[in-house]
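Source file: upload_6.txt. Holds: compact mmCIF, C-alpha atoms and all ligand atoms.
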```txt
# COMPACT_ATOMS: atom_id res chain seq x y z
CA MET A 249 26.83 3.01 -7.81
CA ARG A 250 28.69 4.07 -4.67
CA VAL A 251 28.00 3.26 -1.06
CA VAL A 252 28.68 6.22 1.22
CA SER A 253 28.62 5.92 5.00
CA LEU A 254 30.29 9.15 6.11
CA ILE A 255 28.04 12.20 6.45
CA ALA A 256 30.78 14.62 5.38
CA GLN A 257 31.45 12.55 2.28
CA MET A 258 27.75 12.50 1.39
CA GLN A 259 27.50 16.27 1.82
CA SER A 260 30.57 17.01 -0.29
CA ALA A 261 29.35 14.71 -3.09
CA ALA A 262 25.97 16.49 -3.05
CA LEU A 263 27.65 19.93 -3.14
CA ARG A 264 29.83 18.81 -6.05
CA TRP A 265 26.81 17.59 -7.99
CA LYS A 266 24.94 20.82 -7.37
CA LYS A 267 27.91 22.88 -8.57
CA SER A 268 27.92 20.88 -11.78
CA GLY A 269 24.21 21.63 -12.27
CA ALA A 270 22.94 18.10 -11.53
CA ARG A 271 19.67 17.79 -9.63
CA VAL A 272 19.59 15.47 -6.65
CA GLY A 273 16.70 13.07 -5.98
CA PHE A 274 16.40 11.31 -2.64
CA VAL A 275 14.56 8.24 -1.34
CA PRO A 276 14.89 7.67 2.42
CA THR A 277 14.29 4.06 3.51
CA MET A 278 14.96 1.68 6.37
CA GLY A 279 16.14 -0.99 3.95
CA TYR A 280 14.92 -4.56 3.42
CA LEU A 281 13.74 -3.19 0.12
CA HIS A 282 10.76 -4.38 -1.90
CA ALA A 283 9.18 -3.33 -5.18
CA GLY A 284 7.40 -0.42 -3.43
CA HIS A 285 10.74 1.14 -2.44
CA ILE A 286 12.12 0.49 -5.91
CA SER A 287 9.17 2.30 -7.50
CA LEU A 288 10.19 5.37 -5.44
CA VAL A 289 13.77 5.12 -6.73
CA LYS A 290 12.45 5.06 -10.29
CA ARG A 291 10.18 8.01 -9.55
CA ALA A 292 13.17 9.94 -8.20
CA ARG A 293 15.13 9.16 -11.38
CA GLN A 294 12.21 10.36 -13.46
CA ALA A 295 12.13 13.61 -11.44
CA VAL A 296 15.84 14.47 -11.78
CA GLY A 297 16.43 13.09 -15.28
CA PRO A 298 19.32 11.02 -16.63
CA LYS A 299 21.89 13.69 -15.71
CA GLY A 300 20.62 14.00 -12.15
CA ARG A 301 21.79 11.94 -9.19
CA VAL A 302 19.60 9.57 -7.19
CA VAL A 303 20.47 8.80 -3.57
CA VAL A 304 18.77 6.06 -1.54
CA SER A 305 19.41 6.10 2.19
CA ILE A 306 19.24 2.87 4.17
CA TYR A 307 19.07 3.60 7.85
CA VAL A 308 17.02 1.88 10.54
CA ASN A 309 16.41 4.93 12.65
CA PRO A 310 16.29 4.05 16.37
CA THR A 311 14.49 7.24 17.43
CA GLN A 312 11.31 6.41 15.51
CA PHE A 313 10.78 3.08 17.31
CA GLY A 314 9.03 2.92 20.68
CA PRO A 315 10.65 0.98 23.55
CA GLU A 316 8.39 -2.06 22.97
CA GLU A 317 8.75 -2.00 19.18
CA ASP A 318 10.80 -4.03 16.70
CA PHE A 319 13.96 -1.89 16.32
CA THR A 320 16.43 -4.67 17.10
CA LYS A 321 14.67 -7.30 15.02
CA TYR A 322 13.72 -5.04 12.10
CA PRO A 323 14.75 -7.07 9.00
CA ARG A 324 18.06 -6.14 7.41
CA ASP A 325 19.73 -7.41 4.22
CA LEU A 326 22.18 -4.81 2.96
CA LYS A 327 23.73 -6.99 0.29
CA ARG A 328 20.40 -7.63 -1.39
CA ASP A 329 19.34 -3.98 -0.93
CA LEU A 330 22.49 -2.78 -2.70
CA ARG A 331 21.84 -5.10 -5.62
CA LEU A 332 18.24 -3.86 -5.93
CA CYS A 333 19.36 -0.21 -5.75
CA ARG A 334 22.01 -0.79 -8.43
CA GLU A 335 19.44 -2.49 -10.69
CA ALA A 336 16.99 0.38 -10.12
CA GLY A 337 19.59 2.92 -11.26
CA ALA A 338 20.53 4.61 -7.96
CA ASP A 339 23.85 6.51 -8.00
CA VAL A 340 24.58 6.44 -4.28
CA VAL A 341 23.32 4.41 -1.34
CA PHE A 342 23.84 6.38 1.84
CA THR A 343 24.24 4.17 4.93
CA PRO A 344 25.04 6.38 7.91
CA THR A 345 25.88 4.75 11.25
CA ASP A 346 24.05 5.29 14.54
CA ALA A 347 27.26 6.71 16.00
CA ALA A 348 27.36 9.41 13.31
CA MET A 349 23.63 10.18 13.36
CA TYR A 350 23.20 10.21 17.14
CA PRO A 351 26.65 10.60 18.66
CA GLY A 352 26.95 9.27 22.19
CA LYS A 353 24.08 7.64 24.05
CA SER A 354 23.40 10.42 26.49
CA GLU A 355 21.62 13.68 25.81
CA ASP A 356 24.96 15.41 26.50
CA HIS A 357 25.94 14.42 23.00
CA TYR A 358 22.61 14.60 21.17
CA SER A 359 19.74 16.84 22.23
CA THR A 360 18.03 18.34 19.18
CA TYR A 361 14.75 17.00 17.77
CA VAL A 362 12.28 18.21 15.16
CA VAL A 363 8.63 18.00 16.25
CA GLU A 364 5.59 18.60 14.03
CA GLU A 365 2.76 19.52 16.35
CA THR A 366 -0.50 19.10 14.46
CA LEU A 367 -0.67 16.49 11.71
CA SER A 368 1.40 14.03 13.73
CA LEU A 369 -1.01 13.82 16.68
CA GLY A 370 -3.73 11.38 15.56
CA MET A 371 -3.63 7.87 14.06
CA GLU A 372 0.00 6.67 14.00
CA GLY A 373 0.86 9.48 16.41
CA SER A 374 -1.64 8.25 19.03
CA SER A 375 -0.64 4.62 18.67
CA ARG A 376 3.10 5.36 18.54
CA PRO A 377 3.60 8.54 20.62
CA THR A 378 7.32 9.12 19.91
CA HIS A 379 7.28 7.86 16.32
CA PHE A 380 6.87 11.06 14.32
CA ARG A 381 9.38 12.98 16.43
CA GLY A 382 11.89 10.32 15.35
CA VAL A 383 10.76 10.47 11.72
CA THR A 384 10.85 14.26 11.37
CA THR A 385 14.19 14.42 13.16
CA VAL A 386 15.85 11.79 11.01
CA VAL A 387 14.37 13.08 7.76
CA ALA A 388 15.52 16.64 8.54
CA LYS A 389 18.99 15.27 9.31
CA LEU A 390 19.03 13.18 6.13
CA PHE A 391 17.92 16.23 4.11
CA ASN A 392 20.94 18.08 5.53
CA CYS A 393 23.23 15.19 4.56
CA VAL A 394 21.92 14.54 1.04
CA LEU A 395 20.87 18.12 0.14
CA PRO A 396 18.23 16.89 -2.31
CA ASP A 397 16.19 18.99 -4.74
CA VAL A 398 13.46 16.35 -4.73
CA ALA A 399 12.56 13.69 -2.16
CA VAL A 400 10.13 10.83 -2.79
CA PHE A 401 7.91 9.26 -0.12
CA GLY A 402 5.29 6.52 -0.38
CA ALA A 403 1.54 7.07 -0.09
CA LYS A 404 1.59 3.80 1.91
CA ASP A 405 2.56 5.96 4.92
CA TRP A 406 0.05 8.70 4.18
CA GLN A 407 0.25 10.51 7.51
CA GLN A 408 4.05 10.39 7.41
CA ALA A 409 4.04 11.97 3.94
CA ALA A 410 1.71 14.72 5.20
CA VAL A 411 3.91 15.38 8.24
CA ILE A 412 7.05 15.52 6.07
CA GLN A 413 5.39 17.90 3.62
CA ARG A 414 4.40 20.16 6.51
CA MET A 415 7.88 20.02 8.06
CA THR A 416 9.49 20.80 4.70
CA ALA A 417 7.27 23.85 4.25
CA ASP A 418 7.50 25.02 7.88
CA LEU A 419 11.30 24.74 8.07
CA ASN A 420 11.82 26.15 4.55
CA PHE A 421 13.72 23.21 3.16
CA PRO A 422 14.12 24.02 -0.57
CA ILE A 423 12.98 20.51 -1.47
CA LYS A 424 10.10 19.30 -3.61
CA ILE A 425 8.26 16.41 -1.96
CA ILE A 426 6.73 13.79 -4.25
CA VAL A 427 4.25 11.26 -2.88
CA ALA A 428 4.21 8.09 -4.98
CA PRO A 429 1.46 5.43 -5.05
CA THR A 430 1.35 2.32 -2.83
CA LEU A 431 2.55 -0.87 -4.48
CA ARG A 432 0.61 -4.00 -3.56
CA GLU A 433 0.99 -7.75 -3.76
CA ARG A 434 -1.32 -9.49 -6.24
CA ASP A 435 -3.89 -10.19 -3.52
CA GLY A 436 -4.04 -6.52 -2.48
CA LEU A 437 -1.76 -6.56 0.57
CA ALA A 438 0.33 -3.36 0.60
CA MET A 439 4.02 -4.22 0.29
CA SER A 440 5.91 -3.70 3.53
CA SER A 441 9.20 -4.87 5.01
CA ARG A 442 7.15 -6.00 8.02
CA ASN A 443 5.10 -8.50 5.96
CA LYS A 444 8.06 -10.82 6.48
CA TYR A 445 7.05 -11.22 10.14
CA LEU A 446 3.70 -12.83 9.24
CA ASN A 447 3.19 -16.59 9.48
CA ALA A 448 1.17 -18.37 6.76
CA VAL A 449 -2.21 -17.92 8.47
CA GLN A 450 -1.55 -14.27 9.29
CA ARG A 451 -0.31 -13.61 5.74
CA ALA A 452 -3.53 -15.10 4.32
CA GLN A 453 -5.65 -12.97 6.67
CA ALA A 454 -3.63 -9.77 6.11
CA THR A 455 -5.61 -9.01 2.93
CA ILE A 456 -8.32 -7.80 5.35
CA LEU A 457 -6.73 -4.32 5.33
CA SER A 458 -7.17 -3.77 1.60
CA GLU A 459 -10.53 -5.58 1.74
CA CYS A 460 -11.74 -3.02 4.30
CA LEU A 461 -10.70 -0.21 1.95
CA SER A 462 -12.58 -1.85 -0.94
CA GLU A 463 -15.64 -2.46 1.21
CA ALA A 464 -15.66 1.17 2.42
CA ARG A 465 -15.32 2.39 -1.18
CA LYS A 466 -18.24 0.24 -2.25
CA LEU A 467 -20.46 1.44 0.59
CA VAL A 468 -19.77 5.18 0.21
CA LYS A 469 -20.28 4.94 -3.54
CA HIS A 470 -23.78 3.77 -2.78
CA ALA A 471 -24.48 6.51 -0.18
CA PRO A 472 -22.56 8.69 2.33
CA GLN A 473 -21.96 6.79 5.56
CA SER A 474 -21.61 7.80 9.18
CA ALA A 475 -17.88 7.39 9.90
CA ALA A 476 -18.62 5.98 13.35
CA ARG A 477 -21.02 3.37 11.99
CA LEU A 478 -18.71 2.45 9.11
CA THR A 479 -15.81 2.09 11.56
CA ARG A 480 -17.87 -0.35 13.66
CA LYS A 481 -18.88 -2.34 10.61
CA LEU A 482 -15.30 -2.64 9.30
CA ALA A 483 -13.98 -3.47 12.78
CA GLU A 484 -16.40 -6.42 12.79
CA CYS A 485 -14.98 -7.60 9.45
CA VAL A 486 -11.46 -7.44 10.92
CA ALA A 487 -12.56 -9.20 14.13
CA ALA A 488 -13.87 -12.10 12.01
CA LYS A 489 -10.23 -12.93 11.20
CA SER A 490 -8.88 -15.06 14.04
CA GLU A 491 -5.37 -13.55 14.03
CA ALA A 492 -6.32 -9.89 13.46
CA ARG A 493 -6.85 -7.15 16.06
CA VAL A 494 -7.86 -3.62 15.03
CA ASP A 495 -5.64 -0.81 16.29
CA TYR A 496 -7.57 2.00 14.56
CA ILE A 497 -9.78 2.78 11.61
CA HIS A 498 -10.04 6.48 10.72
CA PHE A 499 -11.81 8.61 8.15
CA PHE A 500 -10.40 12.05 7.43
CA ASP A 501 -9.61 14.76 4.91
CA GLY A 502 -6.63 13.54 2.87
CA GLU A 503 -4.93 16.97 2.84
CA THR A 504 -5.54 18.34 6.32
CA LEU A 505 -5.99 14.97 8.09
CA VAL A 506 -8.98 16.51 9.92
CA PRO A 507 -11.35 13.67 10.98
CA ALA A 508 -14.51 13.26 8.89
CA LYS A 509 -17.88 12.63 10.53
CA THR A 510 -19.27 11.36 7.25
CA ALA A 511 -17.40 9.13 4.84
CA ARG A 512 -18.10 9.79 1.17
CA PRO A 513 -16.23 9.39 -2.14
CA GLY A 514 -13.02 11.43 -1.75
CA THR A 515 -12.81 10.95 2.03
CA HIS A 516 -9.52 9.32 3.08
CA MET A 517 -9.44 6.17 5.17
CA ALA A 518 -6.52 4.71 7.12
CA LEU A 519 -6.32 1.65 9.30
CA ALA A 520 -3.83 -0.24 11.45
CA VAL A 521 -4.26 -3.89 12.33
CA PHE A 522 -2.17 -6.14 14.57
CA PHE A 523 -1.35 -9.73 13.63
CA GLY A 524 0.30 -10.97 16.79
CA LYS A 525 3.03 -8.41 17.45
CA THR A 526 3.16 -7.33 13.81
CA ARG A 527 1.32 -4.12 13.10
CA LEU A 528 0.30 -3.43 9.49
CA ILE A 529 -1.08 -0.18 8.09
CA ASP A 530 -2.88 0.75 4.90
CA ASN A 531 -4.85 3.71 3.58
CA GLY A 532 -6.58 5.03 0.55
CA ARG A 533 -8.96 7.57 -0.88
CA LEU A 534 -12.54 6.33 -0.96
P1 LIG B 1 10.36 2.28 5.05
O1 LIG B 1 11.62 1.62 4.58
O2 LIG B 1 9.28 1.33 5.42
O3 LIG B 1 10.63 3.36 6.06
O4 LIG B 1 9.78 3.04 3.77
C1 LIG B 1 10.57 3.91 3.02
C2 LIG B 1 9.68 4.61 2.01
O5 LIG B 1 9.05 3.64 1.18
C3 LIG B 1 8.57 5.42 2.67
O6 LIG B 1 8.40 6.64 1.96
C4 LIG B 1 7.37 4.51 2.50
O7 LIG B 1 6.15 5.21 2.47
C5 LIG B 1 7.67 3.89 1.16
N1 LIG B 1 6.92 2.64 0.99
C6 LIG B 1 6.82 1.62 1.88
N2 LIG B 1 6.00 0.66 1.40
C7 LIG B 1 5.58 1.08 0.17
C8 LIG B 1 4.71 0.54 -0.82
N3 LIG B 1 4.10 -0.64 -0.65
N4 LIG B 1 4.51 1.24 -1.96
C9 LIG B 1 5.13 2.44 -2.13
N5 LIG B 1 5.95 3.01 -1.24
C10 LIG B 1 6.18 2.35 -0.10
```

Show this structure as C-alpha cells.
Ligand code: AMP
Amino acid sequence: MRVVSLIAQMQSAALRWKKSGARVGFVPTMGYLHAGHISLVKRARQAVGPKGRVVVSIYVNPTQFGPEEDFTKYPRDLKRDLRLCREAGADVVFTPTDAAMYPGKSEDHYSTYVVEETLSLGMEGSSRPTHFRGVTTVVAKLFNCVLPDVAVFGAKDWQQAAVIQRMTADLNFPIKIIVAPTLRERDGLAMSSRNKYLNAVQRAQATILSECLSEARKLVKHAPQSAARLTRKLAECVAAKSEARVDYIHFFDGETLVPAKTARPGTHMALAVFFGKTRLIDNGRL
C-alpha cells in the first residue's frame, strides 16, 4: 500500500491504472477510521475486483465545517488509519494537504465551489448552512484527483449520499456511486468518528438515536402516523435523556428527500441530536 500526498502523483497513478485496464474504486473519508469506513473499503474492493485499485482518501476538509464547529479538534490518527487501510486491502491512501487543495487563504487563490441547490437545503443543510457546499466541492475535487470508476459512500450520511449522487449525475462525472449500509455498535449506536467526543453518560444515552428509529418503525408498522405528531412523540423520548438535545427529526421520501406528512413503512427518517457540543446523526427506512 502506498501513501500519496501530491495531487499530480495521484492523478498520474490513476491514469496509469486506467491505461492498464484496472478499475479504480474510491472511498473518501476524514480519517479516524472505524469499522464503518472499513466496510466501505471492502465494498470498493468487491466492486473493482482483485485486479482493480482501491484508493482511500483521508482529508479533514476545512470548507465543510462551520466557523463554530469542530474542525481544529476533529480526531486524527494517521498511523492507525494507515494500518487499518492496509489490513482492509487498500492500494493507496491519498492524503492531500490543505495547501494543495485550497491554495492560499484568500479568495485570490481559491474561488471555485460546487453547490447543489435542492437536496442539500433541508436537514443537515439547514443546521449547517455551508456544510454541503464544502462537501460537494471537496468530493468533486477528490474525484478529479483519484479519477475513480466507482465511489462508495455510507448510508449513515443519507442526505450527503443523495447530494453526491445528484452532483455526480448533474456534472456528468462518469462514476458509479455505491451507498453502503450503516455499521453500528452492539447497542445500536451508529459508528462515527465523533462518538469519541462523548463522555460515559453521553455515550450511554446516545443509543436514543437508534431507539427513536426502532420506536418509529414499530409505530408505523401498526398504523400510518402523522409525521408532526410522531416527531413530537420522539422529541419527548429524546428530551427524557438528561444530556440530549434534539436538533431535528424529519420524515421524508428516501429518494427525493421530499418531506412526508405521513410516516408509514418505507418512509425515511433522519435525526440529529446534540450531546453537549457533540452532534450525532442517524437515519433509516421505516
Ligand atoms: P467521514 O470520515 O465521517 O466523512 O465518513 C466517510 C464515509 O464513511 C462517508 O461516506 C460516511 O457516510 C461513511 N460512514 C461514516 N460512518 C459510517 C458507518 N457507521 N457505517 C457506514 N459508513 C459510514

Computed interatomic separation between atom CA of Ala511 of chain A and atom CA of Arg451 of chain A (Å):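 Atom CA of Arg451 of chain A lies at a distance of 28.5 Å from atom CA of Ala511 of chain A.
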
Kindly assemble as JSON lines a list of the chain A residues that lie within 9 Å of ligand LIG 1 (chain B), each paired with its nearest atom pair and their distance in Å to one decimal, using all atoms listed in the file, sorted first by chain and then by ascending residue number.
```
{"residue": "A:Val275", "atom": "CA", "partner": "B:LIG1", "partner_atom": "C2", "distance": 6.9}
{"residue": "A:Pro276", "atom": "CA", "partner": "B:LIG1", "partner_atom": "C1", "distance": 5.8}
{"residue": "A:Thr277", "atom": "CA", "partner": "B:LIG1", "partner_atom": "C1", "distance": 3.8}
{"residue": "A:Met278", "atom": "CA", "partner": "B:LIG1", "partner_atom": "O1", "distance": 3.8}
{"residue": "A:Gly279", "atom": "CA", "partner": "B:LIG1", "partner_atom": "O1", "distance": 5.3}
{"residue": "A:Tyr280", "atom": "CA", "partner": "B:LIG1", "partner_atom": "O1", "distance": 7.1}
{"residue": "A:Leu281", "atom": "CA", "partner": "B:LIG1", "partner_atom": "O1", "distance": 6.9}
{"residue": "A:His282", "atom": "CA", "partner": "B:LIG1", "partner_atom": "N2", "distance": 7.7}
{"residue": "A:Ala283", "atom": "CA", "partner": "B:LIG1", "partner_atom": "N4", "distance": 7.3}
{"residue": "A:Gly284", "atom": "CA", "partner": "B:LIG1", "partner_atom": "N4", "distance": 3.6}
{"residue": "A:His285", "atom": "CA", "partner": "B:LIG1", "partner_atom": "O5", "distance": 4.7}
{"residue": "A:Ile286", "atom": "CA", "partner": "B:LIG1", "partner_atom": "N5", "distance": 8.1}
{"residue": "A:Ser287", "atom": "CA", "partner": "B:LIG1", "partner_atom": "C9", "distance": 6.7}
{"residue": "A:Leu288", "atom": "CA", "partner": "B:LIG1", "partner_atom": "N5", "distance": 6.4}
{"residue": "A:Ile306", "atom": "CA", "partner": "B:LIG1", "partner_atom": "O1", "distance": 7.7}
{"residue": "A:Tyr307", "atom": "CA", "partner": "B:LIG1", "partner_atom": "O1", "distance": 8.4}
{"residue": "A:Val308", "atom": "CA", "partner": "B:LIG1", "partner_atom": "O3", "distance": 7.9}
{"residue": "A:Asn309", "atom": "CA", "partner": "B:LIG1", "partner_atom": "O3", "distance": 8.9}
{"residue": "A:Val400", "atom": "CA", "partner": "B:LIG1", "partner_atom": "O6", "distance": 6.6}
{"residue": "A:Phe401", "atom": "CA", "partner": "B:LIG1", "partner_atom": "O6", "distance": 3.4}
{"residue": "A:Gly402", "atom": "CA", "partner": "B:LIG1", "partner_atom": "O7", "distance": 3.3}
{"residue": "A:Ala403", "atom": "CA", "partner": "B:LIG1", "partner_atom": "O7", "distance": 5.6}
{"residue": "A:Lys404", "atom": "CA", "partner": "B:LIG1", "partner_atom": "O7", "distance": 4.8}
{"residue": "A:Asp405", "atom": "CA", "partner": "B:LIG1", "partner_atom": "O7", "distance": 4.4}
{"residue": "A:Trp406", "atom": "CA", "partner": "B:LIG1", "partner_atom": "O7", "distance": 7.2}
{"residue": "A:Gln408", "atom": "CA", "partner": "B:LIG1", "partner_atom": "O7", "distance": 7.5}
{"residue": "A:Ala409", "atom": "CA", "partner": "B:LIG1", "partner_atom": "O6", "distance": 7.2}
{"residue": "A:Val427", "atom": "CA", "partner": "B:LIG1", "partner_atom": "O6", "distance": 7.9}
{"residue": "A:Ala428", "atom": "CA", "partner": "B:LIG1", "partner_atom": "C9", "distance": 6.4}
{"residue": "A:Pro429", "atom": "CA", "partner": "B:LIG1", "partner_atom": "C9", "distance": 5.6}
{"residue": "A:Thr430", "atom": "CA", "partner": "B:LIG1", "partner_atom": "N4", "distance": 3.5}
{"residue": "A:Leu431", "atom": "CA", "partner": "B:LIG1", "partner_atom": "N4", "distance": 3.8}
{"residue": "A:Arg432", "atom": "CA", "partner": "B:LIG1", "partner_atom": "N3", "distance": 5.7}
{"residue": "A:Glu433", "atom": "CA", "partner": "B:LIG1", "partner_atom": "N3", "distance": 8.4}
{"residue": "A:Leu437", "atom": "CA", "partner": "B:LIG1", "partner_atom": "N3", "distance": 8.4}
{"residue": "A:Ala438", "atom": "CA", "partner": "B:LIG1", "partner_atom": "N3", "distance": 4.8}
{"residue": "A:Met439", "atom": "CA", "partner": "B:LIG1", "partner_atom": "N3", "distance": 3.7}
{"residue": "A:Ser440", "atom": "CA", "partner": "B:LIG1", "partner_atom": "N2", "distance": 4.9}
{"residue": "A:Ser441", "atom": "CA", "partner": "B:LIG1", "partner_atom": "O2", "distance": 6.2}
{"residue": "A:Arg442", "atom": "CA", "partner": "B:LIG1", "partner_atom": "O2", "distance": 8.1}
```

Please dump the current selection as a compact mmCIF listing (two decimals), keeping the file's coordinate frame; keep C-alpha atoms.
```txt
# COMPACT_ATOMS: atom_id res chain seq x y z
CA VAL A 275 14.56 8.24 -1.34
CA PRO A 276 14.89 7.67 2.42
CA THR A 277 14.29 4.06 3.51
CA MET A 278 14.96 1.68 6.37
CA GLY A 279 16.14 -0.99 3.95
CA TYR A 280 14.92 -4.56 3.42
CA LEU A 281 13.74 -3.19 0.12
CA HIS A 282 10.76 -4.38 -1.90
CA ALA A 283 9.18 -3.33 -5.18
CA GLY A 284 7.40 -0.42 -3.43
CA HIS A 285 10.74 1.14 -2.44
CA ILE A 286 12.12 0.49 -5.91
CA SER A 287 9.17 2.30 -7.50
CA LEU A 288 10.19 5.37 -5.44
CA ILE A 306 19.24 2.87 4.17
CA TYR A 307 19.07 3.60 7.85
CA VAL A 308 17.02 1.88 10.54
CA ASN A 309 16.41 4.93 12.65
CA VAL A 400 10.13 10.83 -2.79
CA PHE A 401 7.91 9.26 -0.12
CA GLY A 402 5.29 6.52 -0.38
CA ALA A 403 1.54 7.07 -0.09
CA LYS A 404 1.59 3.80 1.91
CA ASP A 405 2.56 5.96 4.92
CA TRP A 406 0.05 8.70 4.18
CA GLN A 408 4.05 10.39 7.41
CA ALA A 409 4.04 11.97 3.94
CA VAL A 427 4.25 11.26 -2.88
CA ALA A 428 4.21 8.09 -4.98
CA PRO A 429 1.46 5.43 -5.05
CA THR A 430 1.35 2.32 -2.83
CA LEU A 431 2.55 -0.87 -4.48
CA ARG A 432 0.61 -4.00 -3.56
CA GLU A 433 0.99 -7.75 -3.76
CA LEU A 437 -1.76 -6.56 0.57
CA ALA A 438 0.33 -3.36 0.60
CA MET A 439 4.02 -4.22 0.29
CA SER A 440 5.91 -3.70 3.53
CA SER A 441 9.20 -4.87 5.01
CA ARG A 442 7.15 -6.00 8.02
```

Report, in Å with one decimal, the straight-line distance from atom CA of Val272 of chain A to atom CA of Leu330 of chain A. 18.9 Å

Give the answer as one residue: which of A:Gly337, A:Asp418, A:Ala475, A:Arg480 has the shortest atom-to-atom distance to Phe499 of chain A, using only C-alpha atoms?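 Between A:Gly337, A:Asp418, A:Ala475, A:Arg480, the residue approaching Phe499 of chain A most closely is A:Ala475.
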
Give me, as a PDB file with C-alpha atoms, in the frame of the given file, all polymer residues having an atom no more than 7 Å from Ile425 of chain A, counting all atoms listed in the file and skipping those fewer than 6 positions away in the same chain.
```
ATOM      1  CA  VAL A 398      13.460  16.350  -4.730  1.00  0.00           C
ATOM      2  CA  ALA A 399      12.560  13.690  -2.160  1.00  0.00           C
ATOM      3  CA  VAL A 400      10.130  10.830  -2.790  1.00  0.00           C
ATOM      4  CA  GLN A 413       5.390  17.900   3.620  1.00  0.00           C
TER       5      GLN A 413
END
```

I'd like the neighbourhood of segment 346-352 of chain A as a PDB file with C-alpha atoms, keeping the file's coordinate frame, where a residue qualifies if any of its atoms comes within 12 Å (using only C-alpha atoms), though same-chain residues fewer than 2 positions away should be ignored.
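Output file around00.pdb follows:
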```pdb
ATOM      1  CA  SER A 253      28.620   5.920   5.000  1.00  0.00           C
ATOM      2  CA  LEU A 254      30.290   9.150   6.110  1.00  0.00           C
ATOM      3  CA  ILE A 255      28.040  12.200   6.450  1.00  0.00           C
ATOM      4  CA  ALA A 256      30.780  14.620   5.380  1.00  0.00           C
ATOM      5  CA  ILE A 306      19.240   2.870   4.170  1.00  0.00           C
ATOM      6  CA  TYR A 307      19.070   3.600   7.850  1.00  0.00           C
ATOM      7  CA  VAL A 308      17.020   1.880  10.540  1.00  0.00           C
ATOM      8  CA  ASN A 309      16.410   4.930  12.650  1.00  0.00           C
ATOM      9  CA  PRO A 310      16.290   4.050  16.370  1.00  0.00           C
ATOM     10  CA  THR A 311      14.490   7.240  17.430  1.00  0.00           C
ATOM     11  CA  THR A 343      24.240   4.170   4.930  1.00  0.00           C
ATOM     12  CA  PRO A 344      25.040   6.380   7.910  1.00  0.00           C
ATOM     13  CA  SER A 354      23.400  10.420  26.490  1.00  0.00           C
ATOM     14  CA  GLU A 355      21.620  13.680  25.810  1.00  0.00           C
ATOM     15  CA  ASP A 356      24.960  15.410  26.500  1.00  0.00           C
ATOM     16  CA  HIS A 357      25.940  14.420  23.000  1.00  0.00           C
ATOM     17  CA  TYR A 358      22.610  14.600  21.170  1.00  0.00           C
ATOM     18  CA  SER A 359      19.740  16.840  22.230  1.00  0.00           C
ATOM     19  CA  THR A 360      18.030  18.340  19.180  1.00  0.00           C
ATOM     20  CA  TYR A 361      14.750  17.000  17.770  1.00  0.00           C
ATOM     21  CA  GLY A 382      11.890  10.320  15.350  1.00  0.00           C
ATOM     22  CA  THR A 385      14.190  14.420  13.160  1.00  0.00           C
ATOM     23  CA  VAL A 386      15.850  11.790  11.010  1.00  0.00           C
ATOM     24  CA  VAL A 387      14.370  13.080   7.760  1.00  0.00           C
ATOM     25  CA  ALA A 388      15.520  16.640   8.540  1.00  0.00           C
ATOM     26  CA  LYS A 389      18.990  15.270   9.310  1.00  0.00           C
ATOM     27  CA  LEU A 390      19.030  13.180   6.130  1.00  0.00           C
ATOM     28  CA  ASN A 392      20.940  18.080   5.530  1.00  0.00           C
ATOM     29  CA  CYS A 393      23.230  15.190   4.560  1.00  0.00           C
TER      30      CYS A 393
END
```

In terms of the shortest atom-to-atom distance over all atoms listed in the file, which of A:Val289, A:Leu446, A:Leu457, A:Val394 is closest to Cys485 of chain A?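 Among the listed residues, the smallest separation from Cys485 of chain A belongs to A:Leu457.
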
Give me the residues within 9 Å of Tyr496 of chain A as a list in words, counting all atoms listed in the file and dropping any in the same chain fewer than 2 places off. Met371, Glu372, Ser375, Thr479, Ala483, Val494, His498, Ala518, Leu519, Ala520 and Val521 of chain A

Atom CA of Glu503 of chain A to atom CA of Glu317 of chain A measures 28.5 Å

May I ask which of the residues A:Glu365, A:Asp397, A:Asp325, A:Glu335 is the closest one to Phe274 of chain A, counting all atoms listed in the file?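 The answer is A:Asp397, which sits nearest to Phe274 of chain A.
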
Using all atoms listed in the file, which residues of segment 315-368 of chain A come within 12 Å of segment 525-532 of chain A, and what is the closest atom pair for each, with the distance in Å to one decimal? Give it as JSON lines, sorted by chain and residue number.
```
{"residue": "A:Glu316", "atom": "CA", "partner": "A:Lys525", "partner_atom": "CA", "distance": 10.0}
{"residue": "A:Glu317", "atom": "CA", "partner": "A:Lys525", "partner_atom": "CA", "distance": 8.8}
{"residue": "A:Asp318", "atom": "CA", "partner": "A:Thr526", "partner_atom": "CA", "distance": 8.8}
{"residue": "A:Lys321", "atom": "CA", "partner": "A:Thr526", "partner_atom": "CA", "distance": 11.6}
{"residue": "A:Tyr322", "atom": "CA", "partner": "A:Thr526", "partner_atom": "CA", "distance": 10.9}
```

For Arg324 of chain A, the nearest of the candidates A:Lys299, A:Lys444, A:His470, A:Lys481, counting only C-alpha atoms: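 Distance minimum relative to Arg324 of chain A lands on A:Lys444.
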
Which neighbours of Pro507 of chain A fall inside 10 Å, counting all atoms listed in the file, when residues of the same chain fewer than 5 positions from it are skipped, and could you give them as a list in words?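 So, after excluding close chain neighbours, the residues are Gly370, Ala475, His498, Phe499, Phe500, Asp501, Gly502, Thr515, His516 and Met517 of chain A.
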